[in-house]
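Take a look at the structure below.
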Amino acid sequence: MPEIPIVENILDANDQLAARIRIEFDSAGLLALNLMASPGGGKTSVILKTIEALKDDVRIGVIDGDVVPLDLEKIAEMGIPVSLINTGGNCHLDANMVYSALPSLDLNALDLLIIENVGNLICPAAFSLGVHYDVVIASVPEGDDKPYKYPAMFKGADVLLLNKMDLEDYMGFRVDYFRHGVEVLNPGLTFFPISCRTGDGFDAWLDWLRTAIKAYSNGQETTP
Amino acid sequence: MHELSITQSLLDIALRHADEAGATRINELKIVVGELSSIIDDSVQFYWDMISHDTIAEGALLTFKRIPAALRCDDCGHEFPLNREQFTCPACGSGKIRVTSGDEFYLESIDVNLEPESER
């Protein structure tokens with residue numbers, strides 16, 4: 001019986017839709033981030049603290065993939081436009097969910113769009129969302145072996161935040177071991193050790209973010 | 001559990017290529033999965049049996065070709081499989097190693113029937 005050669009990426013449909021989303025972001029002249037982490041890694045804390053620091057100078061919007069609107073309410077209280085993608089227990093966001101959520105936000109009125117993905121270090125790594133940067137947040141209490149256990153997530157990241165650095169000494173977290181795992185998977189990855197609680201290291205992340213927002217504000221930049 | 005959306009994509013791609021070739025039945029799909037792709041074969045098969053129902057791909061065999069994640073040492077050139085506990089070269093001990101394969105996730109080929117079912 002005849003065999004038909006195909007060699008087509010199984011996530012091609014998702015990737016094509018992600019490319020269309022990227023065009024929307026670029027024509028609106030905004031910077032889009034896909035924030036990924038384990039549950040409890042600090043996605044919402046990073047978002048809230050980032051909003052707090054930038055909201056007077058930067059027009060921010062948030063798309064939140066979650067099962068309940070708890071995080072979204074905290075963000076909305078800060079006067080930030082938010083859109084909830086109710087994932088109904090799904091393990092990740094995909095391009096189709098994000099594309100469907102776009103009409104609920106006025107993209108032209110934003111400089112920065114943060115997409116908060118579902119808390120999970122496995123599934124979200126497989127699905128492009130059309131953003132400019134995939135940002136992964138790891139945190140000290142999760143342990144220093146996470147890059148070794150979840151290589152795909154760290155290999156696909158564009159920026160890595162290591163949160164809860166204030167707990168480093170209590171947890172016996174080996175930053176060198178952690179960073180070596182990351183470096184093998186993703187050489188030269190942009191890395192910021194931070195603590196949302198104490199604020200240590202957060203300025204470096206904000207400086208990076210301000211520069212990136214500026215670079216994308218005229219819609220001239222393309223894929224990093 | 002992202003296997004459901006992945007299985008749907010797989011079915012869409014297979015049906016499109018089968019249609020273009022004028023196939024009347026899809027017998028087998030050969031899928032290439034790298035170790036870093038985090039796909040569970042049994043889970044894909046489970047969803048496949050549900051969503052391929054009433055299509056020309058119903059009952060098709062899914063064959064998974066697993067590609068292990070491989071690394072290469074920048075210092076000595078040694079190539080070796082991923083060990084999730086220690087990221088160093090087993091030959092020379094260097095930490096300057098990088099991933100060379102394991103990201104694969106694609107439909108390699110489908111096996112089909114081209115003649116009408118009634119003539120077989």
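Every chain in the structure tokens has a letter given in the order shown (A, B, ...), and although residue numbers restart at 1 in each chain, ligands are simply numbered from 1 in the order shown.
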10 Å contacts from chain B to chain A using only C-alpha atoms, as an NGL selection string: :B and (1-3 or 5-14 or 17-18 or 21 or 23 or 26-32 or 35-39 or 69 or 71 or 82-88 or 95-100 or 102-115)
A:Ala76 surroundings by only C-alpha atoms, 10 Å radius, close-in-sequence under 6 positions cut, as an MDAnalysis selection string: chainID A and resid 61:62 82:83
Store the residues picked out above in a file with C-alpha atoms, as a PDB file, in the first residue's frame.
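Listed below is the output, part.pdb:
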ATOM      1  CA  GLY A  61      -2.704  44.951  29.442  1.00  0.00           C
ATOM      2  CA  VAL A  62      -2.935  41.405  30.737  1.00  0.00           C
ATOM      3  CA  VAL A  82      -7.486  42.337  31.676  1.00  0.00           C
ATOM      4  CA  SER A  83      -8.965  39.488  29.693  1.00  0.00           C
TER       5      SER A  83
END
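Every residue of chain B found in alpha helix (DSSP H) when DSSP is run on the backbone appears here: Glu3, Leu4, Ser5, Ile6, Thr7, Gln8, Ser9, Leu10, Leu11, Asp12, Ile13, Ala14, Leu15, Arg16, His17, Ala18, Asp19, Glu20, Asp41, Asp42, Ser43, Val44, Gln45, Phe46, Tyr47, Trp48, Asp49, Met50 and Ile51 of chain B.
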Now that the selection is made, can you save its residues with N, CA and C atoms as a PDB file, in the first residue's frame?
ATOM      1  N   GLU B   3      -2.379  16.375  24.900  1.00  0.00           N
ATOM      2  CA  GLU B   3      -2.414  15.406  23.799  1.00  0.00           C
ATOM      3  C   GLU B   3      -3.686  15.522  22.963  1.00  0.00           C
ATOM      4  N   LEU B   4      -4.798  15.992  23.554  1.00  0.00           N
ATOM      5  CA  LEU B   4      -6.032  16.087  22.766  1.00  0.00           C
ATOM      6  C   LEU B   4      -5.872  17.066  21.607  1.00  0.00           C
ATOM      7  N   SER B   5      -5.365  18.275  21.889  1.00  0.00           N
ATOM      8  CA  SER B   5      -5.222  19.247  20.804  1.00  0.00           C
ATOM      9  C   SER B   5      -4.165  18.783  19.796  1.00  0.00           C
ATOM     10  N   ILE B   6      -3.154  18.099  20.289  1.00  0.00           N
ATOM     11  CA  ILE B   6      -2.123  17.577  19.404  1.00  0.00           C
ATOM     12  C   ILE B   6      -2.687  16.477  18.492  1.00  0.00           C
ATOM     13  N   THR B   7      -3.527  15.628  19.058  1.00  0.00           N
ATOM     14  CA  THR B   7      -4.116  14.546  18.272  1.00  0.00           C
ATOM     15  C   THR B   7      -5.042  15.108  17.195  1.00  0.00           C
ATOM     16  N   GLN B   8      -5.752  16.179  17.534  1.00  0.00           N
ATOM     17  CA  GLN B   8      -6.624  16.824  16.553  1.00  0.00           C
ATOM     18  C   GLN B   8      -5.792  17.367  15.383  1.00  0.00           C
ATOM     19  N   SER B   9      -4.654  18.008  15.691  1.00  0.00           N
ATOM     20  CA  SER B   9      -3.771  18.518  14.633  1.00  0.00           C
ATOM     21  C   SER B   9      -3.263  17.380  13.751  1.00  0.00           C
ATOM     22  N   LEU B  10      -2.919  16.283  14.406  1.00  0.00           N
ATOM     23  CA  LEU B  10      -2.414  15.113  13.696  1.00  0.00           C
ATOM     24  C   LEU B  10      -3.455  14.606  12.700  1.00  0.00           C
ATOM     25  N   LEU B  11      -4.695  14.515  13.155  1.00  0.00           N
ATOM     26  CA  LEU B  11      -5.790  14.040  12.293  1.00  0.00           C
ATOM     27  C   LEU B  11      -5.998  15.004  11.122  1.00  0.00           C
ATOM     28  N   ASP B  12      -5.997  16.301  11.407  1.00  0.00           N
ATOM     29  CA  ASP B  12      -6.201  17.316  10.357  1.00  0.00           C
ATOM     30  C   ASP B  12      -5.126  17.185   9.273  1.00  0.00           C
ATOM     31  N   ILE B  13      -3.877  17.055   9.698  1.00  0.00           N
ATOM     32  CA  ILE B  13      -2.768  16.973   8.731  1.00  0.00           C
ATOM     33  C   ILE B  13      -2.893  15.690   7.897  1.00  0.00           C
ATOM     34  N   ALA B  14      -3.169  14.569   8.557  1.00  0.00           N
ATOM     35  CA  ALA B  14      -3.261  13.284   7.851  1.00  0.00           C
ATOM     36  C   ALA B  14      -4.414  13.289   6.843  1.00  0.00           C
ATOM     37  N   LEU B  15      -5.565  13.811   7.262  1.00  0.00           N
ATOM     38  CA  LEU B  15      -6.731  13.828   6.368  1.00  0.00           C
ATOM     39  C   LEU B  15      -6.481  14.734   5.160  1.00  0.00           C
ATOM     40  N   ARG B  16      -5.817  15.869   5.396  1.00  0.00           N
ATOM     41  CA  ARG B  16      -5.543  16.801   4.300  1.00  0.00           C
ATOM     42  C   ARG B  16      -4.635  16.155   3.251  1.00  0.00           C
ATOM     43  N   HIS B  17      -3.571  15.496   3.714  1.00  0.00           N
ATOM     44  CA  HIS B  17      -2.644  14.863   2.765  1.00  0.00           C
ATOM     45  C   HIS B  17      -3.303  13.668   2.066  1.00  0.00           C
ATOM     46  N   ALA B  18      -4.127  12.933   2.789  1.00  0.00           N
ATOM     47  CA  ALA B  18      -4.813  11.778   2.198  1.00  0.00           C
ATOM     48  C   ALA B  18      -5.779  12.260   1.113  1.00  0.00           C
ATOM     49  N   ASP B  19      -6.453  13.367   1.395  1.00  0.00           N
ATOM     50  CA  ASP B  19      -7.410  13.933   0.440  1.00  0.00           C
ATOM     51  C   ASP B  19      -6.694  14.399  -0.829  1.00  0.00           C
ATOM     52  N   GLU B  20      -5.560  15.062  -0.640  1.00  0.00           N
ATOM     53  CA  GLU B  20      -4.776  15.550  -1.791  1.00  0.00           C
ATOM     54  C   GLU B  20      -4.308  14.397  -2.671  1.00  0.00           C
ATOM     55  N   ASP B  41       2.617   8.574  24.214  1.00  0.00           N
ATOM     56  CA  ASP B  41       2.058   7.796  23.102  1.00  0.00           C
ATOM     57  C   ASP B  41       0.666   7.252  23.395  1.00  0.00           C
ATOM     58  N   ASP B  42       0.505   6.626  24.555  1.00  0.00           N
ATOM     59  CA  ASP B  42      -0.767   5.987  24.886  1.00  0.00           C
ATOM     60  C   ASP B  42      -1.900   6.992  24.920  1.00  0.00           C
ATOM     61  N   SER B  43      -1.560   8.187  25.365  1.00  0.00           N
ATOM     62  CA  SER B  43      -2.566   9.230  25.473  1.00  0.00           C
ATOM     63  C   SER B  43      -3.018   9.691  24.084  1.00  0.00           C
ATOM     64  N   VAL B  44      -2.065   9.828  23.165  1.00  0.00           N
ATOM     65  CA  VAL B  44      -2.405  10.195  21.791  1.00  0.00           C
ATOM     66  C   VAL B  44      -3.277   9.103  21.166  1.00  0.00           C
ATOM     67  N   GLN B  45      -2.894   7.853  21.399  1.00  0.00           N
ATOM     68  CA  GLN B  45      -3.668   6.723  20.848  1.00  0.00           C
ATOM     69  C   GLN B  45      -5.097   6.730  21.395  1.00  0.00           C
ATOM     70  N   PHE B  46      -5.239   7.026  22.672  1.00  0.00           N
ATOM     71  CA  PHE B  46      -6.553   7.057  23.317  1.00  0.00           C
ATOM     72  C   PHE B  46      -7.461   8.104  22.644  1.00  0.00           C
ATOM     73  N   TYR B  47      -6.928   9.316  22.471  1.00  0.00           N
ATOM     74  CA  TYR B  47      -7.723  10.374  21.842  1.00  0.00           C
ATOM     75  C   TYR B  47      -7.965  10.066  20.366  1.00  0.00           C
ATOM     76  N   TRP B  48      -6.950   9.450  19.738  1.00  0.00           N
ATOM     77  CA  TRP B  48      -7.062   9.120  18.313  1.00  0.00           C
ATOM     78  C   TRP B  48      -8.286   8.227  18.061  1.00  0.00           C
ATOM     79  N   ASP B  49      -8.434   7.214  18.906  1.00  0.00           N
ATOM     80  CA  ASP B  49      -9.539   6.276  18.732  1.00  0.00           C
ATOM     81  C   ASP B  49     -10.886   6.999  18.826  1.00  0.00           C
ATOM     82  N   MET B  50     -10.945   8.057  19.645  1.00  0.00           N
ATOM     83  CA  MET B  50     -12.196   8.817  19.766  1.00  0.00           C
ATOM     84  C   MET B  50     -12.420   9.738  18.569  1.00  0.00           C
ATOM     85  N   ILE B  51     -11.399  10.526  18.208  1.00  0.00           N
ATOM     86  CA  ILE B  51     -11.668  11.590  17.232  1.00  0.00           C
ATOM     87  C   ILE B  51     -11.552  11.135  15.778  1.00  0.00           C
TER      88      ILE B  51
END
